[in-house]
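Engineer: Have a look at this one.
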Amino acid sequence: MPDHLIHAYQPLPVHFASGAGCYLKDGDDREYLDGLCGISVTSLGHAHPAVTRAIQQQAATLLHTSNLYSIGWQQKLASLLCETASMDRVFFANSGAEANEAAIKLARLYGHRRGIDNPQIIVMENAFHGRTMATLSATGSRKVQAGFEPLVAGFVRAPYDDITSIEAIAANNRNVVAILLEPVQGEAGIVIPRQGYLAELRRICDANHWLLMVDEIQSGMARSGKLFAHQHEMILPDVMTLAKALGNGVPIGACIAAGPAADVFQPGNHGSTFGGNPLACRAAYSTLQTMIEDDIAANAAARGAQLASLLARELADNPKVAEIRHLGLLLAVEMTEACQPIVELALEQRLLINVTAGKVVRILPPLIMDADQTDELGRRLVTAIRQFTD
Ligand SMILES: Cc1ncc(COP(=O)(O)O)c(C=O)c1O
């Protein structure tokens with residue numbers, strides 16, 4: 001078949017025909033263990049019965065009406081999100097980048113309302129926030145930005161997990177209105193800041209009337225072992241963005257706000273044709289409800305600890321393994337050298353994983369994995385890594 005796709009991607013030589021739970025089947029009926037969840041999306045596994053039922057029922061009832069009319073499932077989902085996150089209001093989008101666009105616009109408007117004409121947002125080195133013009137400008141990666149200049153202005157860059165640099169910016173820059181950061185940096189290679197970092201950022205934001213905005217697009221929805229990764233510290237953000245696992249595969253993004261931030265957008269300030277449509281919201285409601293009822297976060301914490309200790313045990317004497325780190329089922333094996341070939345070696349083991357930041361093997365498996373599946377994932381991964389290093 002002639003290839004009519006724009007070459008934005010370089011897909012692996014496999015396509016999947018179906019999925020059930022933690023497994024996918026290719027066109028030849030071969031089964032693969034999904035250790036990536038479509039990059040942290042299908043966290044409840046494939047064809048989850050409750051989510052499938054919700055999608056089927058809603059598809060047969062009503063797909064779309066637009067935000068010109070109120071949408072019942074949007075209200076229900078917003079209430080459940082706000083209750084679980086202890087926040088106040090939600091704007092629904094269709095993707096992570098769009099959720100972050102909403103957060104960036106919200107922060108700028110918040111600044112203008114406070115009389116700051118040139119509002120600046122502090123963003124982090126090695127951050128990833130998306131591929132739209134504003135979010136790629138907020139992203140801390142030259143690879144993502146190169147060729148797309150001029151970038152969107154209004155971002156101040158700081159090193160991640162470094163309070164001193166934030167304090168220095170606070171002392172010198174009167175135009176800052178917000179900090180935007182990932183509680184765990186995903187694309188950068190599962191970089192976990194030290195405990196207390198978010199609490200210190202919260203303190204600085206409060207002292208300067210800045211908004212603390214957490215991008216939980218990859219780290220949220222139970223993956224870190226808590227429903228939201230910032231809940232590992234006793235803080236509340238002003239803004240949180242979600243997408244990826246929120247709809248377990250149905251595209252949806254959310255920009256959630258609390259306190260004064262929740263009343264910044266007024267009618268006419270922002271919008272989306274598809275954002276928050278009945279199908280996406282019902283799928284997300286079912287996903288979040290299942291995660292709460294089944295305490296999926298506790299399973300993510302237990303399986304993450306199990307997998308990390310299996311990998312530490314089996315790879316301890318491997319000189320090319322630099323570090324194994326995890327928070328729940330955000331898990332990384334950092335190698336001492338570039339290691340992209342491990343992806344194809346894992347594929348031969350019928351295991352889906354990914355390499356990010358050049359030398360970090362990233363594992364983002366389904367949060368519903370049981371102990372046996374976790375062992376199986378660990379064994380297949382160890383085999384692939386040994387084939388690469390030996
Ligand atoms: C932390 C984070 N923010 C934003 C995004 C962008 O999300 P999307 O690809 O849905 O636009 C991603 C995607 O990888 C992400 O990991």
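Each chain of the structure tokens is named A, B, ... in the order shown, its residues numbered from 1; ligands are numbered from 1 in display order.
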With only C-alpha atoms as the counted atoms, please give the residues lying no more than 10 Å from region 251-258 of chain A, apart from itself and same-chain residues fewer than 2 positions off, as a PDB file with N, CA, C and O atoms, in the first residue's frame.
Structural biologist:
ATOM      1  N   VAL A  41      -1.249   5.821  28.705  1.00  0.00           N
ATOM      2  CA  VAL A  41      -2.645   6.133  28.394  1.00  0.00           C
ATOM      3  C   VAL A  41      -3.611   5.041  28.877  1.00  0.00           C
ATOM      4  O   VAL A  41      -4.513   5.311  29.673  1.00  0.00           O
ATOM      5  N   ALA A  78     -16.403  16.696  36.147  1.00  0.00           N
ATOM      6  CA  ALA A  78     -15.755  17.827  36.827  1.00  0.00           C
ATOM      7  C   ALA A  78     -15.931  17.689  38.347  1.00  0.00           C
ATOM      8  O   ALA A  78     -14.987  17.923  39.111  1.00  0.00           O
ATOM      9  N   LEU A  81     -13.617  14.892  39.620  1.00  0.00           N
ATOM     10  CA  LEU A  81     -12.220  15.339  39.594  1.00  0.00           C
ATOM     11  C   LEU A  81     -11.943  16.318  40.725  1.00  0.00           C
ATOM     12  O   LEU A  81     -10.926  16.208  41.431  1.00  0.00           O
ATOM     13  N   CYS A  82     -12.846  17.284  40.902  1.00  0.00           N
ATOM     14  CA  CYS A  82     -12.621  18.305  41.934  1.00  0.00           C
ATOM     15  C   CYS A  82     -12.672  17.694  43.331  1.00  0.00           C
ATOM     16  O   CYS A  82     -11.882  18.074  44.207  1.00  0.00           O
ATOM     17  N   ALA A  85      -9.387  15.725  43.788  1.00  0.00           N
ATOM     18  CA  ALA A  85      -8.176  16.557  43.796  1.00  0.00           C
ATOM     19  C   ALA A  85      -8.272  17.702  44.795  1.00  0.00           C
ATOM     20  O   ALA A  85      -7.321  18.469  44.936  1.00  0.00           O
ATOM     21  N   SER A  86      -9.414  17.845  45.472  1.00  0.00           N
ATOM     22  CA  SER A  86      -9.669  18.989  46.365  1.00  0.00           C
ATOM     23  C   SER A  86      -9.455  20.312  45.631  1.00  0.00           C
ATOM     24  O   SER A  86      -8.800  21.225  46.137  1.00  0.00           O
ATOM     25  N   MET A  87      -9.997  20.383  44.414  1.00  0.00           N
ATOM     26  CA  MET A  87      -9.886  21.618  43.628  1.00  0.00           C
ATOM     27  C   MET A  87     -11.302  22.080  43.250  1.00  0.00           C
ATOM     28  O   MET A  87     -12.281  21.513  43.729  1.00  0.00           O
ATOM     29  N   ASP A  88     -11.413  23.133  42.420  1.00  0.00           N
ATOM     30  CA  ASP A  88     -12.728  23.784  42.291  1.00  0.00           C
ATOM     31  C   ASP A  88     -13.405  23.719  40.924  1.00  0.00           C
ATOM     32  O   ASP A  88     -14.607  23.524  40.856  1.00  0.00           O
ATOM     33  N   ARG A  89     -12.647  23.943  39.847  1.00  0.00           N
ATOM     34  CA  ARG A  89     -13.302  24.013  38.534  1.00  0.00           C
ATOM     35  C   ARG A  89     -12.415  23.398  37.453  1.00  0.00           C
ATOM     36  O   ARG A  89     -11.183  23.418  37.580  1.00  0.00           O
ATOM     37  N   VAL A  90     -13.066  22.914  36.372  1.00  0.00           N
ATOM     38  CA  VAL A  90     -12.335  22.222  35.308  1.00  0.00           C
ATOM     39  C   VAL A  90     -12.686  22.819  33.950  1.00  0.00           C
ATOM     40  O   VAL A  90     -13.856  23.114  33.680  1.00  0.00           O
ATOM     41  N   PHE A  91     -11.662  22.974  33.099  1.00  0.00           N
ATOM     42  CA  PHE A  91     -11.885  23.245  31.672  1.00  0.00           C
ATOM     43  C   PHE A  91     -11.446  21.992  30.919  1.00  0.00           C
ATOM     44  O   PHE A  91     -10.337  21.498  31.129  1.00  0.00           O
ATOM     45  N   PHE A  92     -12.306  21.485  30.019  1.00  0.00           N
ATOM     46  CA  PHE A  92     -11.960  20.257  29.303  1.00  0.00           C
ATOM     47  C   PHE A  92     -11.421  20.550  27.904  1.00  0.00           C
ATOM     48  O   PHE A  92     -11.989  21.360  27.162  1.00  0.00           O
ATOM     49  N   ALA A  93     -10.345  19.854  27.563  1.00  0.00           N
ATOM     50  CA  ALA A  93      -9.709  19.950  26.256  1.00  0.00           C
ATOM     51  C   ALA A  93      -9.624  18.533  25.662  1.00  0.00           C
ATOM     52  O   ALA A  93     -10.242  17.607  26.184  1.00  0.00           O
ATOM     53  N   ASN A  94      -8.851  18.404  24.582  1.00  0.00           N
ATOM     54  CA  ASN A  94      -8.800  17.103  23.885  1.00  0.00           C
ATOM     55  C   ASN A  94      -7.463  16.388  24.000  1.00  0.00           C
ATOM     56  O   ASN A  94      -7.323  15.281  23.502  1.00  0.00           O
ATOM     57  N   SER A  95      -6.488  17.024  24.594  1.00  0.00           N
ATOM     58  CA  SER A  95      -5.141  16.437  24.649  1.00  0.00           C
ATOM     59  C   SER A  95      -4.359  17.105  25.768  1.00  0.00           C
ATOM     60  O   SER A  95      -4.814  18.104  26.348  1.00  0.00           O
ATOM     61  N   GLY A  96      -3.156  16.575  26.005  1.00  0.00           N
ATOM     62  CA  GLY A  96      -2.305  17.157  27.026  1.00  0.00           C
ATOM     63  C   GLY A  96      -1.834  18.551  26.654  1.00  0.00           C
ATOM     64  O   GLY A  96      -1.874  19.484  27.464  1.00  0.00           O
ATOM     65  N   ALA A  97      -1.374  18.698  25.407  1.00  0.00           N
ATOM     66  CA  ALA A  97      -0.873  20.012  24.979  1.00  0.00           C
ATOM     67  C   ALA A  97      -1.972  21.066  25.126  1.00  0.00           C
ATOM     68  O   ALA A  97      -1.715  22.184  25.575  1.00  0.00           O
ATOM     69  N   GLU A  98      -3.174  20.699  24.761  1.00  0.00           N
ATOM     70  CA  GLU A  98      -4.290  21.663  24.872  1.00  0.00           C
ATOM     71  C   GLU A  98      -4.617  21.982  26.329  1.00  0.00           C
ATOM     72  O   GLU A  98      -4.993  23.115  26.644  1.00  0.00           O
ATOM     73  N   ALA A  99      -4.511  21.000  27.197  1.00  0.00           N
ATOM     74  CA  ALA A  99      -4.747  21.264  28.625  1.00  0.00           C
ATOM     75  C   ALA A  99      -3.701  22.248  29.134  1.00  0.00           C
ATOM     76  O   ALA A  99      -4.008  23.186  29.882  1.00  0.00           O
ATOM     77  N   ASN A 100      -2.442  22.056  28.686  1.00  0.00           N
ATOM     78  CA  ASN A 100      -1.382  22.982  29.104  1.00  0.00           C
ATOM     79  C   ASN A 100      -1.549  24.366  28.470  1.00  0.00           C
ATOM     80  O   ASN A 100      -1.227  25.379  29.095  1.00  0.00           O
ATOM     81  N   GLU A 101      -2.022  24.412  27.223  1.00  0.00           N
ATOM     82  CA  GLU A 101      -2.322  25.720  26.602  1.00  0.00           C
ATOM     83  C   GLU A 101      -3.312  26.483  27.484  1.00  0.00           C
ATOM     84  O   GLU A 101      -3.169  27.688  27.693  1.00  0.00           O
ATOM     85  N   ALA A 102      -4.328  25.777  27.957  1.00  0.00           N
ATOM     86  CA  ALA A 102      -5.333  26.425  28.810  1.00  0.00           C
ATOM     87  C   ALA A 102      -4.667  26.956  30.079  1.00  0.00           C
ATOM     88  O   ALA A 102      -4.942  28.080  30.517  1.00  0.00           O
ATOM     89  N   ALA A 103      -3.769  26.150  30.669  1.00  0.00           N
ATOM     90  CA  ALA A 103      -3.078  26.570  31.901  1.00  0.00           C
ATOM     91  C   ALA A 103      -2.217  27.813  31.638  1.00  0.00           C
ATOM     92  O   ALA A 103      -2.184  28.751  32.449  1.00  0.00           O
ATOM     93  N   LEU A 106      -4.424  30.762  31.174  1.00  0.00           N
ATOM     94  CA  LEU A 106      -4.999  31.127  32.482  1.00  0.00           C
ATOM     95  C   LEU A 106      -3.992  31.929  33.305  1.00  0.00           C
ATOM     96  O   LEU A 106      -4.328  32.971  33.888  1.00  0.00           O
ATOM     97  N   LEU A 211       1.002  31.383  40.761  1.00  0.00           N
ATOM     98  CA  LEU A 211       0.240  30.139  40.686  1.00  0.00           C
ATOM     99  C   LEU A 211       1.210  28.959  40.599  1.00  0.00           C
ATOM    100  O   LEU A 211       2.180  29.015  39.838  1.00  0.00           O
ATOM    101  N   MET A 213       1.445  25.469  39.123  1.00  0.00           N
ATOM    102  CA  MET A 213       0.718  24.694  38.103  1.00  0.00           C
ATOM    103  C   MET A 213       1.465  23.382  37.843  1.00  0.00           C
ATOM    104  O   MET A 213       2.625  23.397  37.408  1.00  0.00           O
ATOM    105  N   VAL A 214       0.811  22.255  38.152  1.00  0.00           N
ATOM    106  CA  VAL A 214       1.469  20.958  37.976  1.00  0.00           C
ATOM    107  C   VAL A 214       0.919  20.259  36.733  1.00  0.00           C
ATOM    108  O   VAL A 214      -0.288  20.133  36.562  1.00  0.00           O
ATOM    109  N   ASP A 215       1.849  19.849  35.881  1.00  0.00           N
ATOM    110  CA  ASP A 215       1.500  19.083  34.685  1.00  0.00           C
ATOM    111  C   ASP A 215       1.549  17.609  35.074  1.00  0.00           C
ATOM    112  O   ASP A 215       2.625  17.021  35.194  1.00  0.00           O
ATOM    113  N   ILE A 217       0.072  15.204  33.367  1.00  0.00           N
ATOM    114  CA  ILE A 217      -0.431  14.494  32.176  1.00  0.00           C
ATOM    115  C   ILE A 217       0.139  13.083  32.107  1.00  0.00           C
ATOM    116  O   ILE A 217      -0.569  12.144  31.749  1.00  0.00           O
ATOM    117  N   LEU A 236      -1.413  21.460  47.801  1.00  0.00           N
ATOM    118  CA  LEU A 236      -2.444  21.582  46.770  1.00  0.00           C
ATOM    119  C   LEU A 236      -1.936  22.555  45.722  1.00  0.00           C
ATOM    120  O   LEU A 236      -1.473  23.650  46.063  1.00  0.00           O
ATOM    121  N   PRO A 237      -2.003  22.178  44.451  1.00  0.00           N
ATOM    122  CA  PRO A 237      -1.630  23.143  43.405  1.00  0.00           C
ATOM    123  C   PRO A 237      -2.768  24.117  43.146  1.00  0.00           C
ATOM    124  O   PRO A 237      -3.904  23.882  43.575  1.00  0.00           O
ATOM    125  N   ASP A 238      -2.478  25.201  42.417  1.00  0.00           N
ATOM    126  CA  ASP A 238      -3.540  26.106  41.958  1.00  0.00           C
ATOM    127  C   ASP A 238      -4.136  25.613  40.651  1.00  0.00           C
ATOM    128  O   ASP A 238      -5.307  25.846  40.374  1.00  0.00           O
ATOM    129  N   VAL A 239      -3.278  24.971  39.850  1.00  0.00           N
ATOM    130  CA  VAL A 239      -3.722  24.449  38.556  1.00  0.00           C
ATOM    131  C   VAL A 239      -3.080  23.079  38.365  1.00  0.00           C
ATOM    132  O   VAL A 239      -1.903  22.892  38.687  1.00  0.00           O
ATOM    133  N   MET A 240      -3.864  22.134  37.850  1.00  0.00           N
ATOM    134  CA  MET A 240      -3.316  20.811  37.501  1.00  0.00           C
ATOM    135  C   MET A 240      -3.832  20.450  36.109  1.00  0.00           C
ATOM    136  O   MET A 240      -5.023  20.624  35.825  1.00  0.00           O
ATOM    137  N   THR A 241      -2.935  19.960  35.253  1.00  0.00           N
ATOM    138  CA  THR A 241      -3.390  19.486  33.944  1.00  0.00           C
ATOM    139  C   THR A 241      -3.314  17.969  33.886  1.00  0.00           C
ATOM    140  O   THR A 241      -2.383  17.342  34.409  1.00  0.00           O
ATOM    141  N   LEU A 242      -4.321  17.385  33.245  1.00  0.00           N
ATOM    142  CA  LEU A 242      -4.406  15.935  33.049  1.00  0.00           C
ATOM    143  C   LEU A 242      -4.724  15.657  31.584  1.00  0.00           C
ATOM    144  O   LEU A 242      -5.312  16.499  30.905  1.00  0.00           O
ATOM    145  N   ALA A 243      -4.374  14.484  31.112  1.00  0.00           N
ATOM    146  CA  ALA A 243      -4.805  13.995  29.787  1.00  0.00           C
ATOM    147  C   ALA A 243      -4.465  12.494  29.782  1.00  0.00           C
ATOM    148  O   ALA A 243      -4.812  11.814  30.742  1.00  0.00           O
ATOM    149  N   LYS A 244      -3.809  12.011  28.771  1.00  0.00           N
ATOM    150  CA  LYS A 244      -3.344  10.623  28.683  1.00  0.00           C
ATOM    151  C   LYS A 244      -4.332   9.629  29.294  1.00  0.00           C
ATOM    152  O   LYS A 244      -5.336   9.307  28.682  1.00  0.00           O
ATOM    153  N   ALA A 245      -4.069   9.146  30.537  1.00  0.00           N
ATOM    154  CA  ALA A 245      -4.884   8.063  31.108  1.00  0.00           C
ATOM    155  C   ALA A 245      -6.275   8.511  31.536  1.00  0.00           C
ATOM    156  O   ALA A 245      -7.104   7.681  31.910  1.00  0.00           O
ATOM    157  N   LEU A 246      -6.548   9.793  31.465  1.00  0.00           N
ATOM    158  CA  LEU A 246      -7.858  10.278  31.941  1.00  0.00           C
ATOM    159  C   LEU A 246      -9.013   9.583  31.220  1.00  0.00           C
ATOM    160  O   LEU A 246     -10.026   9.270  31.841  1.00  0.00           O
ATOM    161  N   GLY A 247      -8.863   9.324  29.924  1.00  0.00           N
ATOM    162  CA  GLY A 247      -9.936   8.654  29.174  1.00  0.00           C
ATOM    163  C   GLY A 247      -9.610   7.213  28.834  1.00  0.00           C
ATOM    164  O   GLY A 247     -10.321   6.588  28.053  1.00  0.00           O
ATOM    165  N   ASN A 248      -8.525   6.679  29.394  1.00  0.00           N
ATOM    166  CA  ASN A 248      -8.054   5.309  29.130  1.00  0.00           C
ATOM    167  C   ASN A 248      -7.975   5.000  27.627  1.00  0.00           C
ATOM    168  O   ASN A 248      -8.181   3.861  27.204  1.00  0.00           O
ATOM    169  N   GLY A 249      -7.712   6.014  26.816  1.00  0.00           N
ATOM    170  CA  GLY A 249      -7.574   5.815  25.370  1.00  0.00           C
ATOM    171  C   GLY A 249      -8.528   6.693  24.569  1.00  0.00           C
ATOM    172  O   GLY A 249      -8.302   6.926  23.381  1.00  0.00           O
ATOM    173  N   PRO A 260      -8.533  31.305  43.641  1.00  0.00           N
ATOM    174  CA  PRO A 260      -8.667  32.422  42.687  1.00  0.00           C
ATOM    175  C   PRO A 260      -8.451  31.985  41.237  1.00  0.00           C
ATOM    176  O   PRO A 260      -9.074  32.532  40.324  1.00  0.00           O
ATOM    177  N   ALA A 261      -7.580  30.994  41.004  1.00  0.00           N
ATOM    178  CA  ALA A 261      -7.314  30.540  39.626  1.00  0.00           C
ATOM    179  C   ALA A 261      -8.574  29.985  38.974  1.00  0.00           C
ATOM    180  O   ALA A 261      -8.720  30.029  37.740  1.00  0.00           O
ATOM    181  N   ALA A 262      -9.497  29.470  39.790  1.00  0.00           N
ATOM    182  CA  ALA A 262     -10.697  28.835  39.243  1.00  0.00           C
ATOM    183  C   ALA A 262     -11.662  29.841  38.637  1.00  0.00           C
ATOM    184  O   ALA A 262     -12.559  29.463  37.872  1.00  0.00           O
ATOM    185  N   ASP A 263     -11.499  31.107  38.953  1.00  0.00           N
ATOM    186  CA  ASP A 263     -12.433  32.122  38.433  1.00  0.00           C
ATOM    187  C   ASP A 263     -11.777  33.067  37.427  1.00  0.00           C
ATOM    188  O   ASP A 263     -12.341  34.099  37.087  1.00  0.00           O
ATOM    189  N   VAL A 264     -10.591  32.700  36.953  1.00  0.00           N
ATOM    190  CA  VAL A 264      -9.886  33.584  36.008  1.00  0.00           C
ATOM    191  C   VAL A 264     -10.588  33.594  34.651  1.00  0.00           C
ATOM    192  O   VAL A 264     -10.892  34.653  34.105  1.00  0.00           O
ATOM    193  N   PHE A 274     -14.620  20.460  20.471  1.00  0.00           N
ATOM    194  CA  PHE A 274     -14.806  19.084  20.966  1.00  0.00           C
ATOM    195  C   PHE A 274     -14.684  18.969  22.484  1.00  0.00           C
ATOM    196  O   PHE A 274     -15.212  18.032  23.075  1.00  0.00           O
ATOM    197  N   GLY A 275     -13.902  19.882  23.097  1.00  0.00           N
ATOM    198  CA  GLY A 275     -13.501  19.717  24.497  1.00  0.00           C
ATOM    199  C   GLY A 275     -14.655  19.372  25.416  1.00  0.00           C
ATOM    200  O   GLY A 275     -15.635  20.103  25.486  1.00  0.00           O
ATOM    201  N   GLY A 276     -14.524  18.270  26.130  1.00  0.00           N
ATOM    202  CA  GLY A 276     -15.535  17.875  27.117  1.00  0.00           C
ATOM    203  C   GLY A 276     -16.803  17.324  26.498  1.00  0.00           C
ATOM    204  O   GLY A 276     -17.879  17.441  27.087  1.00  0.00           O
ATOM    205  N   ASN A 277     -16.707  16.685  25.340  1.00  0.00           N
ATOM    206  CA  ASN A 277     -17.940  16.162  24.751  1.00  0.00           C
ATOM    207  C   ASN A 277     -18.447  14.945  25.539  1.00  0.00           C
ATOM    208  O   ASN A 277     -17.731  14.359  26.348  1.00  0.00           O
ATOM    209  N   LEU A 279     -19.089  11.820  24.992  1.00  0.00           N
ATOM    210  CA  LEU A 279     -18.403  10.531  24.899  1.00  0.00           C
ATOM    211  C   LEU A 279     -17.113  10.533  25.718  1.00  0.00           C
ATOM    212  O   LEU A 279     -16.873   9.634  26.532  1.00  0.00           O
ATOM    213  N   ALA A 280     -16.284  11.563  25.505  1.00  0.00           N
ATOM    214  CA  ALA A 280     -14.994  11.629  26.204  1.00  0.00           C
ATOM    215  C   ALA A 280     -15.209  11.729  27.715  1.00  0.00           C
ATOM    216  O   ALA A 280     -14.512  11.077  28.502  1.00  0.00           O
ATOM    217  N   CYS A 281     -16.179  12.552  28.124  1.00  0.00           N
ATOM    218  CA  CYS A 281     -16.394  12.744  29.565  1.00  0.00           C
ATOM    219  C   CYS A 281     -16.940  11.484  30.224  1.00  0.00           C
ATOM    220  O   CYS A 281     -16.566  11.164  31.352  1.00  0.00           O
ATOM    221  N   ALA A 283     -16.399   8.385  29.210  1.00  0.00           N
ATOM    222  CA  ALA A 283     -15.276   7.433  29.269  1.00  0.00           C
ATOM    223  C   ALA A 283     -14.357   7.801  30.440  1.00  0.00           C
ATOM    224  O   ALA A 283     -13.916   6.930  31.201  1.00  0.00           O
ATOM    225  N   ALA A 284     -14.077   9.083  30.593  1.00  0.00           N
ATOM    226  CA  ALA A 284     -13.179   9.522  31.667  1.00  0.00           C
ATOM    227  C   ALA A 284     -13.829   9.328  33.039  1.00  0.00           C
ATOM    228  O   ALA A 284     -13.152   8.943  33.998  1.00  0.00           O
TER     229      ALA A 284
END
Engineer: Based on the backbone DSSP call, show me all residues of region 78-256 of chain A assigned alpha helix (DSSP H), as a PyMOL selection string.
Structural biologist: chain A and resi 78-85+96-113+133-138+142-145+163-172+197-208
Engineer: Please identify all polymer residues within 9 Å of region 178-180 of chain A, counting only C-alpha atoms, omitting same-chain residues fewer than 6 positions from it, and present them as a PyMOL selection string.
Structural biologist: chain A and resi 103-104+107-108+111+119-124+138+201+205+209-215+239
Engineer: Looking at only C-alpha atoms, which of A:Lys105, A:His46, A:Arg350, A:Arg325 is the one that sits closest to Ala20 (chain A)?
Structural biologist: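 Answer, going by the shortest atom-to-atom distance: A:His46.
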Engineer: Env of Leu44 (chain A): 12 Å cut, atoms = only C-alpha atoms, seq-sep filter 3 positions within chain, self excluded. Answer as a PyMOL selection string.
Structural biologist: chain A and resi 19-23+34+36-38+40-41+47-52+221-223+244-249+283-284+286-292+294-297+299-300+364-369
Engineer: Which residues are near Arg303 (chain A)? Cut-off 7 Å, only C-alpha atoms, ignore same chain within fewer than 4 positions. Put them as a list of chain:residue names.
Structural biologist: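 Listing them by chain and then by number gives A:Asn299, A:Leu307, A:Ala371, A:Thr374.
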Engineer: Neighbours of region 311-320 of chain A within 12 Å (only C-alpha atoms; same-chain residues fewer than 5 positions away dropped), as a ChimeraX atom specification?
Structural biologist: /A:304-306,325-326,331-339,359-361,363,374-390
Engineer: So, with only C-alpha atoms and all ligand atoms as the atoms that count, which of A:Ala127, A:Val343, A:Leu33, A:Ile166 lies closest to ligand 1?
Structural biologist: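 Of all the options, A:Ala127 lies closest to ligand 1.
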Engineer: Of the candidates A:Val152, A:Asn173, A:Asp162, A:Gly220, which shows the shortest atom-to-atom distance to Tyr197 (chain A), using only C-alpha atoms?
Structural biologist: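 For Tyr197 (chain A), the nearest of the given residues is A:Asp162.
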Engineer: Nearest residue to ligand 1 out of A:Glu83, A:Glu233, A:Asp370, A:Glu182, using only C-alpha atoms and all ligand atoms?
Structural biologist: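 The answer is A:Glu182, which sits nearest to ligand 1.
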Engineer: So which one's closest to Ala170 (chain A), A:Lys143, A:Arg194, A:Ile204, A:Arg157? Using only C-alpha atoms, please.
Structural biologist: A:Ile204
Engineer: Which residues in region 154-319 of chain A does DSSP call strand (DSSP E or B)? List them as a PyMOL selection string.
Structural biologist: chain A and resi 155-158+176-181+185+191+211-215+239-242+253-257
Engineer: Mind giving me the straight-line distance from CA of Ala298 (chain A) to CA of Lys226 (chain A) in Å, one decimal?
Structural biologist: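 CA of Lys226 (chain A) lies 7.3 Å from CA of Ala298 (chain A).
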Engineer: How many Å lie between CA of Ser309 (chain A) and CA of Glu31 (chain A), rounded to one decimal?
Structural biologist: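 CA of Glu31 (chain A) lies 25.8 Å from CA of Ser309 (chain A).
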